[in-house]
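Source file my_file.csv; content: CSV, N, CA and C atoms.
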chain,number,residue,atom,x,y,z
G,1,MET,N,128.3,60.2,84.5
G,1,MET,CA,127.2,60.6,83.7
G,1,MET,C,126.0,61.0,84.6
G,2,ALA,N,125.7,60.2,85.6
G,2,ALA,CA,124.6,60.5,86.5
G,2,ALA,C,124.8,61.8,87.2
G,3,ARG,N,126.1,62.1,87.5
G,3,ARG,CA,126.4,63.4,88.2
G,3,ARG,C,126.0,64.6,87.3
G,4,GLY,N,126.2,64.5,86.0
G,4,GLY,CA,125.9,65.5,85.1
G,4,GLY,C,124.4,65.8,85.0
G,5,ILE,N,123.6,64.7,85.0
G,5,ILE,CA,122.2,64.8,85.0
G,5,ILE,C,121.7,65.4,86.3
G,6,ALA,N,122.2,64.9,87.4
G,6,ALA,CA,121.8,65.5,88.7
G,6,ALA,C,122.1,67.0,88.8
G,7,ALA,N,123.2,67.4,88.2
G,7,ALA,CA,123.5,68.8,88.2
G,7,ALA,C,122.6,69.6,87.3
G,8,ALA,N,122.0,69.0,86.3
G,8,ALA,CA,121.2,69.7,85.3
G,8,ALA,C,119.7,69.9,85.8
G,9,ILE,N,119.3,69.1,86.8
G,9,ILE,CA,117.9,69.1,87.2
G,9,ILE,C,117.5,70.4,87.8
G,10,PRO,N,118.3,71.1,88.7
G,10,PRO,CA,117.9,72.4,89.2
G,10,PRO,C,117.7,73.4,88.1
G,11,THR,N,118.6,73.4,87.1
G,11,THR,CA,118.5,74.3,86.0
G,11,THR,C,117.3,74.1,85.2
G,12,ALA,N,117.0,72.8,84.9
G,12,ALA,CA,115.8,72.5,84.1
G,12,ALA,C,114.5,72.9,84.9
G,13,THR,N,114.5,72.6,86.2
G,13,THR,CA,113.4,73.0,87.0
G,13,THR,C,113.1,74.5,87.0
G,14,ALA,N,114.2,75.3,87.1
G,14,ALA,CA,114.1,76.7,87.1
G,14,ALA,C,113.6,77.2,85.8
G,15,LEU,N,114.1,76.6,84.7
G,15,LEU,CA,113.6,77.0,83.4
G,15,LEU,C,112.1,76.7,83.2
G,16,LEU,N,111.7,75.5,83.6
G,16,LEU,CA,110.3,75.1,83.5
G,16,LEU,C,109.4,76.1,84.3
G,17,LEU,N,109.8,76.4,85.5
G,17,LEU,CA,109.1,77.4,86.3
G,17,LEU,C,109.0,78.7,85.6
G,18,TRP,N,110.1,79.2,85.0
G,18,TRP,CA,110.0,80.5,84.3
G,18,TRP,C,109.1,80.4,83.1
G,19,VAL,N,109.1,79.3,82.4
G,19,VAL,CA,108.2,79.2,81.2
G,19,VAL,C,106.7,79.2,81.7
G,20,VAL,N,106.4,78.5,82.8
G,20,VAL,CA,105.0,78.5,83.3
G,20,VAL,C,104.6,79.9,83.7
G,21,LEU,N,105.4,80.6,84.5
G,21,LEU,CA,105.0,81.9,84.9
G,21,LEU,C,104.9,82.9,83.7
G,22,HIS,N,105.8,82.7,82.8
G,22,HIS,CA,105.8,83.6,81.6
G,22,HIS,C,104.5,83.4,80.8
G,23,LEU,N,104.1,82.1,80.6
G,23,LEU,CA,102.9,81.8,79.8
G,23,LEU,C,101.7,82.4,80.5
G,24,ARG,N,101.6,82.3,81.8
G,24,ARG,CA,100.4,82.9,82.6
G,24,ARG,C,100.3,84.4,82.3
G,25,THR,N,101.5,85.0,82.4
G,25,THR,CA,101.5,86.5,82.3
G,25,THR,C,101.2,86.9,80.8
G,26,ALA,N,101.7,86.1,79.9
G,26,ALA,CA,101.5,86.4,78.5
G,26,ALA,C,100.0,86.3,78.1
G,27,HIS,N,99.2,85.5,78.7
G,27,HIS,CA,97.9,85.3,78.4
G,27,HIS,C,96.9,86.2,79.1
G,28,ALA,N,97.4,86.9,80.1
G,28,ALA,CA,96.6,87.9,80.9
G,28,ALA,C,96.3,89.1,80.1
G,29,ALA,N,95.0,89.6,80.1
G,29,ALA,CA,94.6,90.8,79.4
G,29,ALA,C,94.4,91.9,80.5
G,30,THR,N,94.6,93.1,80.0
G,30,THR,CA,94.3,94.3,80.9
G,30,THR,C,93.1,95.0,80.3
G,31,TYR,N,92.1,95.3,81.1
G,31,TYR,CA,90.9,96.0,80.7
G,31,TYR,C,90.8,97.3,81.5
G,32,THR,N,90.4,98.4,80.9
G,32,THR,CA,90.1,99.6,81.6
G,32,THR,C,88.6,99.6,81.7
G,33,VAL,N,88.2,99.5,83.0
G,33,VAL,CA,86.7,99.5,83.3
G,33,VAL,C,86.0,100.8,82.8
G,34,GLY,N,85.0,100.6,82.0
G,34,GLY,CA,84.3,101.8,81.5
G,34,GLY,C,84.9,102.4,80.3
G,35,ASP,N,86.0,101.7,79.8
G,35,ASP,CA,86.8,102.2,78.6
G,35,ASP,C,87.2,103.7,78.9
G,36,SER,N,86.9,104.6,77.9
G,36,SER,CA,87.4,106.0,78.0
G,36,SER,C,86.6,106.8,79.1
G,37,SER,N,85.4,106.3,79.4
G,37,SER,CA,84.6,107.0,80.4
G,37,SER,C,85.1,106.7,81.9
G,38,GLY,N,85.8,105.6,82.0
G,38,GLY,CA,86.3,105.2,83.4
G,38,GLY,C,85.2,104.6,84.2
G,39,TRP,N,85.5,104.5,85.5
G,39,TRP,CA,84.7,103.9,86.5
G,39,TRP,C,83.7,105.0,86.9
G,40,THR,N,82.4,104.9,86.4
G,40,THR,CA,81.4,105.9,86.6
G,40,THR,C,80.0,105.3,86.7
G,41,PHE,N,79.0,106.1,86.7
G,41,PHE,CA,77.6,105.6,86.8
G,41,PHE,C,77.3,104.9,85.5
G,42,ASN,N,76.3,103.9,85.6
G,42,ASN,CA,75.8,103.1,84.5
G,42,ASN,C,76.9,102.3,83.8
G,43,VAL,N,77.9,101.9,84.5
G,43,VAL,CA,78.9,101.1,83.9
G,43,VAL,C,78.6,99.6,84.0
G,44,GLU,N,77.5,99.2,84.6
G,44,GLU,CA,77.1,97.9,84.9
G,44,GLU,C,77.1,97.0,83.7
G,45,SER,N,76.8,97.5,82.5
G,45,SER,CA,76.7,96.7,81.3
G,45,SER,C,78.1,96.6,80.6
G,46,TRP,N,79.1,97.3,81.1
G,46,TRP,CA,80.4,97.3,80.5
G,46,TRP,C,81.0,95.9,80.2
G,47,THR,N,80.6,94.9,81.1
G,47,THR,CA,81.2,93.6,81.0
G,47,THR,C,80.5,92.8,79.9
G,48,ASP,N,79.4,93.2,79.4
G,48,ASP,CA,78.6,92.5,78.3
G,48,ASP,C,79.5,92.2,77.1
G,49,GLY,N,79.5,91.0,76.7
G,49,GLY,CA,80.3,90.6,75.5
G,49,GLY,C,81.7,90.3,75.7
G,50,LYS,N,82.2,90.5,76.9
G,50,LYS,CA,83.6,90.3,77.2
G,50,LYS,C,83.8,89.0,77.9
G,51,SER,N,84.9,88.3,77.7
G,51,SER,CA,85.3,87.1,78.3
G,51,SER,C,86.5,87.3,79.2
G,52,PHE,N,86.4,87.0,80.5
G,52,PHE,CA,87.5,87.2,81.4
G,52,PHE,C,88.1,85.9,81.9
G,53,ARG,N,89.4,86.0,82.2
G,53,ARG,CA,90.1,84.9,82.7
G,53,ARG,C,90.8,85.2,84.0
G,54,ALA,N,91.0,84.3,84.8
G,54,ALA,CA,91.7,84.5,86.1
G,54,ALA,C,93.1,85.0,85.7
G,55,GLY,N,93.6,86.1,86.4
G,55,GLY,CA,94.9,86.7,86.0
G,55,GLY,C,94.7,87.9,85.2
G,56,ASP,N,93.6,88.1,84.5
G,56,ASP,CA,93.3,89.4,83.8
G,56,ASP,C,93.3,90.5,84.8
G,57,VAL,N,93.6,91.7,84.4
G,57,VAL,CA,93.7,92.9,85.3
G,57,VAL,C,92.7,93.9,84.9
G,58,LEU,N,91.9,94.4,85.8
G,58,LEU,CA,90.9,95.4,85.6
G,58,LEU,C,91.6,96.7,86.2
G,59,VAL,N,91.5,97.8,85.3
G,59,VAL,CA,92.1,99.1,85.8
G,59,VAL,C,90.9,100.0,86.0
G,60,PHE,N,90.7,100.5,87.2
G,60,PHE,CA,89.6,101.4,87.5
G,60,PHE,C,90.2,102.8,87.6
G,61,ASN,N,89.7,103.7,86.7
G,61,ASN,CA,90.2,105.1,86.7
G,61,ASN,C,89.0,106.0,87.2
G,62,TYR,N,89.2,106.8,88.2
G,62,TYR,CA,88.1,107.6,88.7
G,62,TYR,C,88.7,108.7,89.6
G,63,ASP,N,87.9,109.7,90.0
G,63,ASP,CA,88.3,110.7,90.9
G,63,ASP,C,88.1,110.2,92.3
G,64,PRO,N,89.1,110.0,93.1
G,64,PRO,CA,88.9,109.4,94.5
G,64,PRO,C,88.1,110.3,95.4
G,65,LYS,N,87.9,111.6,95.1
G,65,LYS,CA,87.1,112.4,95.9
G,65,LYS,C,85.6,112.1,95.7
G,66,ASP,N,85.3,111.5,94.5
G,66,ASP,CA,83.9,111.2,94.1
G,66,ASP,C,83.5,109.7,94.2
G,67,HIS,N,84.5,108.8,94.1
G,67,HIS,CA,84.2,107.4,94.0
G,67,HIS,C,85.3,106.5,94.7
G,68,ASN,N,85.0,105.3,94.9
G,68,ASN,CA,85.9,104.3,95.3
G,68,ASN,C,85.6,103.0,94.6
G,69,VAL,N,86.4,101.9,94.8
G,69,VAL,CA,86.1,100.6,94.3
G,69,VAL,C,86.1,99.6,95.5
G,70,VAL,N,85.1,98.8,95.6
G,70,VAL,CA,85.1,97.8,96.7
G,70,VAL,C,84.9,96.4,96.1
G,71,ALA,N,85.8,95.5,96.4
G,71,ALA,CA,85.6,94.1,96.0
G,71,ALA,C,84.7,93.5,96.9
G,72,VAL,N,83.6,92.9,96.4
G,72,VAL,CA,82.5,92.4,97.3
G,72,VAL,C,82.1,91.0,96.8
G,73,ASP,N,81.3,90.3,97.7
G,73,ASP,CA,80.7,89.1,97.3
G,73,ASP,C,79.4,89.3,96.5
G,74,GLN,N,78.8,88.2,96.0
G,74,GLN,CA,77.6,88.3,95.2
G,74,GLN,C,76.4,89.0,96.0
G,75,TYR,N,76.3,88.6,97.3
G,75,TYR,CA,75.2,89.2,98.1
G,75,TYR,C,75.4,90.7,98.2
G,76,SER,N,76.6,91.2,98.5
G,76,SER,CA,76.9,92.6,98.7
G,76,SER,C,76.7,93.3,97.3
G,77,TYR,N,77.0,92.6,96.2
G,77,TYR,CA,76.8,93.2,94.9
G,77,TYR,C,75.3,93.4,94.7
G,78,ASP,N,74.5,92.4,94.9
G,78,ASP,CA,73.1,92.4,94.7
G,78,ASP,C,72.4,93.4,95.5
G,79,THR,N,72.9,93.6,96.8
G,79,THR,CA,72.2,94.5,97.7
G,79,THR,C,72.9,95.9,97.8
G,80,CYS,N,74.0,96.1,97.1
G,80,CYS,CA,74.7,97.3,97.2
G,80,CYS,C,75.1,97.7,98.6
G,81,THR,N,75.7,96.7,99.3
G,81,THR,CA,76.2,96.9,100.7
G,81,THR,C,77.6,96.4,100.7
G,82,VAL,N,78.3,96.8,101.7
G,82,VAL,CA,79.7,96.4,101.9
G,82,VAL,C,79.8,95.5,103.2
G,83,GLY,N,80.1,94.3,102.9
G,83,GLY,CA,80.3,93.4,104.0
G,83,GLY,C,81.6,93.5,104.8
G,84,GLU,N,81.6,92.9,105.9
G,84,GLU,CA,82.8,92.9,106.8
G,84,GLU,C,84.0,92.3,106.0
G,85,GLY,N,85.1,92.9,106.0
G,85,GLY,CA,86.3,92.4,105.4
G,85,GLY,C,86.4,92.7,103.9
G,86,ALA,N,85.5,93.5,103.4
G,86,ALA,CA,85.6,93.8,101.9
G,86,ALA,C,86.8,94.7,101.7
G,87,LYS,N,87.5,94.5,100.6
G,87,LYS,CA,88.7,95.2,100.2
G,87,LYS,C,88.2,96.5,99.5
G,88,VAL,N,88.7,97.7,100.1
G,88,VAL,CA,88.3,99.0,99.5
G,88,VAL,C,89.5,99.6,98.8
G,89,TYR,N,89.4,100.1,97.6
G,89,TYR,CA,90.4,100.7,96.9
G,89,TYR,C,90.0,102.2,96.7
G,90,GLU,N,91.0,103.1,96.9
G,90,GLU,CA,90.7,104.5,96.9
G,90,GLU,C,91.7,105.4,96.2
G,91,SER,N,92.6,104.8,95.3
G,91,SER,CA,93.6,105.6,94.7
G,91,SER,C,93.2,106.4,93.5
G,92,GLY,N,92.1,106.0,92.9
G,92,GLY,CA,91.7,106.7,91.6
G,92,GLY,C,92.3,106.0,90.4
G,93,ASN,N,93.2,105.1,90.6
G,93,ASN,CA,93.9,104.4,89.5
G,93,ASN,C,94.3,103.0,90.0
G,94,ASP,N,93.3,102.2,90.2
G,94,ASP,CA,93.5,100.9,90.9
G,94,ASP,C,93.5,99.8,89.8
G,95,SER,N,94.5,98.9,90.0
G,95,SER,CA,94.7,97.7,89.1
G,95,SER,C,94.4,96.5,90.0
G,96,ILE,N,93.4,95.7,89.6
G,96,ILE,CA,93.0,94.6,90.4
G,96,ILE,C,93.0,93.3,89.5
G,97,GLU,N,93.7,92.3,90.0
G,97,GLU,CA,93.8,91.0,89.2
G,97,GLU,C,92.6,90.2,89.6
G,98,LEU,N,92.0,89.6,88.5
G,98,LEU,CA,90.8,88.8,88.7
G,98,LEU,C,91.2,87.4,89.2
G,99,VAL,N,90.4,86.9,90.1
G,99,VAL,CA,90.6,85.5,90.6
G,99,VAL,C,89.6,84.6,89.8
G,100,LYS,N,89.9,83.3,89.8
G,100,LYS,CA,89.0,82.4,89.2
G,100,LYS,C,87.7,82.4,89.9
G,101,GLY,N,86.6,82.4,89.1
G,101,GLY,CA,85.3,82.4,89.6
G,101,GLY,C,84.6,83.8,89.6
G,102,GLU,N,83.8,84.1,90.6
G,102,GLU,CA,83.1,85.4,90.6
G,102,GLU,C,84.0,86.5,91.1
G,103,ASN,N,83.8,87.6,90.4
G,103,ASN,CA,84.5,88.9,90.8
G,103,ASN,C,83.4,90.0,90.8
G,104,CYS,N,83.2,90.6,91.9
G,104,CYS,CA,82.2,91.7,92.0
G,104,CYS,C,82.8,92.9,92.5
G,105,PHE,N,82.5,94.1,92.0
G,105,PHE,CA,83.0,95.4,92.4
G,105,PHE,C,81.9,96.4,92.4
G,106,ILE,N,81.9,97.2,93.4
G,106,ILE,CA,80.9,98.3,93.6
G,106,ILE,C,81.6,99.6,94.0
G,107,CYS,N,80.9,100.7,93.8
G,107,CYS,CA,81.3,102.0,94.5
G,107,CYS,C,80.4,102.1,95.7
G,108,SER,N,81.0,102.3,96.9
G,108,SER,CA,80.2,102.3,98.1
G,108,SER,C,79.8,103.7,98.5
G,109,PHE,N,80.1,104.7,97.7
G,109,PHE,CA,79.5,106.1,98.0
G,109,PHE,C,78.0,106.0,97.9
G,110,LEU,N,77.4,106.8,98.7
G,110,LEU,CA,75.9,106.9,98.8
G,110,LEU,C,75.2,106.9,97.4
G,111,SER,N,74.4,105.8,97.2
G,111,SER,CA,73.5,105.7,96.0
G,111,SER,C,74.3,105.4,94.7
G,112,HIS,N,75.6,105.3,94.7
G,112,HIS,CA,76.4,105.1,93.5
G,112,HIS,C,76.1,103.7,92.9
G,113,CYS,N,76.2,102.7,93.8
G,113,CYS,CA,76.0,101.3,93.4
G,113,CYS,C,74.6,101.2,92.8
G,114,ASP,N,73.6,101.8,93.5
G,114,ASP,CA,72.2,101.7,93.1
G,114,ASP,C,72.0,102.4,91.7
G,115,SER,N,72.9,103.3,91.3
G,115,SER,CA,72.9,104.0,90.1
G,115,SER,C,73.7,103.3,89.0
G,116,GLY,N,74.0,102.0,89.2
G,116,GLY,CA,74.7,101.2,88.2
G,116,GLY,C,76.2,101.3,88.3
G,117,MET,N,76.7,101.8,89.4
G,117,MET,CA,78.2,101.8,89.5
G,117,MET,C,78.7,100.5,90.2
G,118,LYS,N,78.5,99.4,89.4
G,118,LYS,CA,78.9,98.1,89.9
G,118,LYS,C,79.1,97.2,88.7
G,119,ILE,N,80.1,96.3,88.8
G,119,ILE,CA,80.3,95.3,87.7
G,119,ILE,C,80.5,93.9,88.3
G,120,HIS,N,80.1,92.9,87.6
G,120,HIS,CA,80.2,91.5,88.0
G,120,HIS,C,80.7,90.7,86.8
G,121,MET,N,81.6,89.8,87.0
G,121,MET,CA,82.0,88.9,86.0
G,121,MET,C,82.5,87.6,86.6
G,122,ILE,N,82.5,86.5,85.7
G,122,ILE,CA,83.0,85.2,86.1
G,122,ILE,C,84.3,85.1,85.3
G,123,ALA,N,85.4,84.9,86.0
G,123,ALA,CA,86.7,84.6,85.3
G,123,ALA,C,87.0,83.1,85.3
G,124,HIS,N,87.3,82.7,84.1
G,124,HIS,CA,87.5,81.2,83.9
G,124,HIS,C,89.0,80.9,84.0
Would you encode the structure as structure tokens?
Amino acid sequence: MARGIAAAIPTATALLLWVVLHLRTAHAATYTVGDSSGWTFNVESWTDGKSFRAGDVLVFNYDPKDHNVVAVDQYSYDTCTVGEGAKVYESGNDSIELVKGENCFICSFLSHCDSGMKIHMIAH
């Protein structure tokens, strides 16, 4: 009898792991930044009224000749600067998974961030 239970433990563990991973994915939402306008100027208020969770995905659509997306910290967001080690996205169709806590993104092209091409949210 004990041998049968011992043999079932790896299967039960694998099943539990699958359920946990599936539930996390099932609850994640995908948002297109700027909706139909995409990642563009004056998108800063796009986050208003939205509630974000860790694991949600932001999709940034833009022309890579004209813009980029840079994941920055709060200071860089506030000052529209790119700090050392910031992650730069340049594909024109970037999908970025939110982490728990602060998530800040700017366009680092000259004057774009200052023109409202930046978003900030707290993911719970």
Item to complete: Find the residue from G:Ile119, G:Ile106, G:Val99, G:Val33 that sits nearest to Thr81 (chain G); use only N, CA and C atoms when measuring.
Response: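 Of the candidates, the smallest distance to Thr81 (chain G) is held by G:Ile106.
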Pick from G:Asp35, G:Asn68, G:Ser95, G:Thr47, whichever lies nearest to His120 (chain G) using all atoms listed in the file: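 Ranked by minimum distance to His120 (chain G), first place goes to G:Thr47.
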| Neighbours of point (85.3, 85.3, 86.0) within 6 Å, using only C-alpha atoms, written as a ChimeraX atom specification | /G:52-53,100-102,121-124
>> Residues near Ala71 (chain G), anyone? I mean within 6 Å using only N, CA and C atoms, not counting same-chain ones fewer than 2 positions away, as a PyMOL selection string.
In response: chain G and resi 69+73+86-89+104-106
Deliver the residues from the most recent selection as a file, using N, CA and C atoms, as a PDB file, in the coordinates of the input.
ATOM      1  N   VAL G  69      86.400 101.900  94.800  1.00  0.00           N
ATOM      2  CA  VAL G  69      86.100 100.600  94.300  1.00  0.00           C
ATOM      3  C   VAL G  69      86.100  99.600  95.500  1.00  0.00           C
ATOM      4  N   ASP G  73      81.300  90.300  97.700  1.00  0.00           N
ATOM      5  CA  ASP G  73      80.700  89.100  97.300  1.00  0.00           C
ATOM      6  C   ASP G  73      79.400  89.300  96.500  1.00  0.00           C
ATOM      7  N   ALA G  86      85.500  93.500 103.400  1.00  0.00           N
ATOM      8  CA  ALA G  86      85.600  93.800 101.900  1.00  0.00           C
ATOM      9  C   ALA G  86      86.800  94.700 101.700  1.00  0.00           C
ATOM     10  N   LYS G  87      87.500  94.500 100.600  1.00  0.00           N
ATOM     11  CA  LYS G  87      88.700  95.200 100.200  1.00  0.00           C
ATOM     12  C   LYS G  87      88.200  96.500  99.500  1.00  0.00           C
ATOM     13  N   VAL G  88      88.700  97.700 100.100  1.00  0.00           N
ATOM     14  CA  VAL G  88      88.300  99.000  99.500  1.00  0.00           C
ATOM     15  C   VAL G  88      89.500  99.600  98.800  1.00  0.00           C
ATOM     16  N   TYR G  89      89.400 100.100  97.600  1.00  0.00           N
ATOM     17  CA  TYR G  89      90.400 100.700  96.900  1.00  0.00           C
ATOM     18  C   TYR G  89      90.000 102.200  96.700  1.00  0.00           C
ATOM     19  N   CYS G 104      83.200  90.600  91.900  1.00  0.00           N
ATOM     20  CA  CYS G 104      82.200  91.700  92.000  1.00  0.00           C
ATOM     21  C   CYS G 104      82.800  92.900  92.500  1.00  0.00           C
ATOM     22  N   PHE G 105      82.500  94.100  92.000  1.00  0.00           N
ATOM     23  CA  PHE G 105      83.000  95.400  92.400  1.00  0.00           C
ATOM     24  C   PHE G 105      81.900  96.400  92.400  1.00  0.00           C
ATOM     25  N   ILE G 106      81.900  97.200  93.400  1.00  0.00           N
ATOM     26  CA  ILE G 106      80.900  98.300  93.600  1.00  0.00           C
ATOM     27  C   ILE G 106      81.600  99.600  94.000  1.00  0.00           C
TER      28      ILE G 106
END
**Report entry** Among the residues G:Thr79, G:Asn61, G:Ser51, G:Gln74, the one that comes closest to Ser37 (chain G) [using only N, CA and C atoms]
**Finding:**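 The shortest atom-to-atom distance to Ser37 (chain G) comes from G:Asn61.
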Among listed residues G:Asp56, G:Glu90, G:Asp114, G:Asp63, nearest His27 (chain G) (using all atoms listed in the file):
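Closest to His27 (chain G), using all atoms listed in the file: G:Asp56.
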What gap, in Å, lies between atom N of Asn103 (chain G) and CA of Val72 (chain G)?
->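 Interatomic distance, atom N of Asn103 (chain G) to CA of Val72 (chain G): 8.5 Å.
Taking all atoms listed in the file into account, the polymer residues that have an atom no farther than 8 Å from (92.7, 90.8, 90.7) are Ala54, Gly55, Asp56, Val57, Leu58, Ser95, Ile96, Glu97, Leu98 and Val99 of chain G.
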- Task: Enumerate, as a ChimeraX atom specification, the complete set of residues in region 16-94 of chain G that a backbone-based DSSP assignment places in alpha helix (DSSP H).
- Result: /G:16-27,74-79
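Picture a line from CA of Glu84 (chain G) to CA of Met117 (chain G); it runs 20.0 Å.
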For CA of Cys113 (chain G) and atom C of Val82 (chain G), the interatomic separation in Å (one decimal):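 Atom C of Val82 (chain G) lies 12.0 Å from CA of Cys113 (chain G).
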Only C-alpha atoms needed: put region 63-105 of chain G from the block into a file as an mmCIF file, in the first residue's frame.
data_model
loop_
_atom_site.group_PDB
_atom_site.id
_atom_site.type_symbol
_atom_site.label_atom_id
_atom_site.label_comp_id
_atom_site.auth_asym_id
_atom_site.auth_seq_id
_atom_site.Cartn_x
_atom_site.Cartn_y
_atom_site.Cartn_z
ATOM 1 C CA ASP G 63 6.794 52.486 -35.697
ATOM 2 C CA PRO G 64 10.353 51.604 -34.592
ATOM 3 C CA LYS G 65 11.764 54.334 -36.850
ATOM 4 C CA ASP G 66 9.899 56.899 -34.725
ATOM 5 C CA HIS G 67 9.772 55.461 -31.192
ATOM 6 C CA ASN G 68 11.033 52.872 -28.738
ATOM 7 C CA VAL G 69 10.009 51.600 -25.307
ATOM 8 C CA VAL G 70 12.341 51.737 -22.325
ATOM 9 C CA ALA G 71 11.584 50.062 -18.984
ATOM 10 C CA VAL G 72 12.845 52.516 -16.364
ATOM 11 C CA ASP G 73 12.724 53.197 -12.639
ATOM 12 C CA GLN G 74 10.609 55.925 -11.015
ATOM 13 C CA TYR G 75 13.415 58.517 -11.065
ATOM 14 C CA SER G 76 14.050 57.986 -14.784
ATOM 15 C CA TYR G 77 10.304 58.147 -15.417
ATOM 16 C CA ASP G 78 9.982 61.438 -13.528
ATOM 17 C CA THR G 79 13.023 63.002 -15.209
ATOM 18 C CA CYS G 80 12.578 61.434 -18.669
ATOM 19 C CA THR G 81 16.081 60.012 -18.593
ATOM 20 C CA VAL G 82 17.424 56.536 -19.260
ATOM 21 C CA GLY G 83 19.522 55.114 -16.451
ATOM 22 C CA GLU G 84 22.297 52.609 -16.798
ATOM 23 C CA GLY G 85 21.030 49.079 -17.352
ATOM 24 C CA ALA G 86 17.557 50.119 -18.562
ATOM 25 C CA LYS G 87 15.935 47.603 -20.903
ATOM 26 C CA VAL G 88 15.277 49.077 -24.368
ATOM 27 C CA TYR G 89 12.680 47.564 -26.710
ATOM 28 C CA GLU G 90 12.752 48.461 -30.407
ATOM 29 C CA SER G 91 10.676 45.928 -32.350
ATOM 30 C CA GLY G 92 7.562 48.047 -32.862
ATOM 31 C CA ASN G 93 5.446 45.252 -31.378
ATOM 32 C CA ASP G 94 6.776 44.580 -27.898
ATOM 33 C CA SER G 95 5.010 42.431 -25.291
ATOM 34 C CA ILE G 96 6.183 43.126 -21.752
ATOM 35 C CA GLU G 97 5.034 41.205 -18.676
ATOM 36 C CA LEU G 98 4.401 43.376 -15.625
ATOM 37 C CA VAL G 99 6.235 42.618 -12.404
ATOM 38 C CA LYS G 100 4.750 43.100 -8.953
ATOM 39 C CA GLY G 101 5.134 46.712 -7.847
ATOM 40 C CA GLU G 102 6.115 49.715 -9.941
ATOM 41 C CA ASN G 103 6.346 49.452 -13.711
ATOM 42 C CA CYS G 104 7.480 52.523 -15.669
ATOM 43 C CA PHE G 105 7.978 52.899 -19.426
#
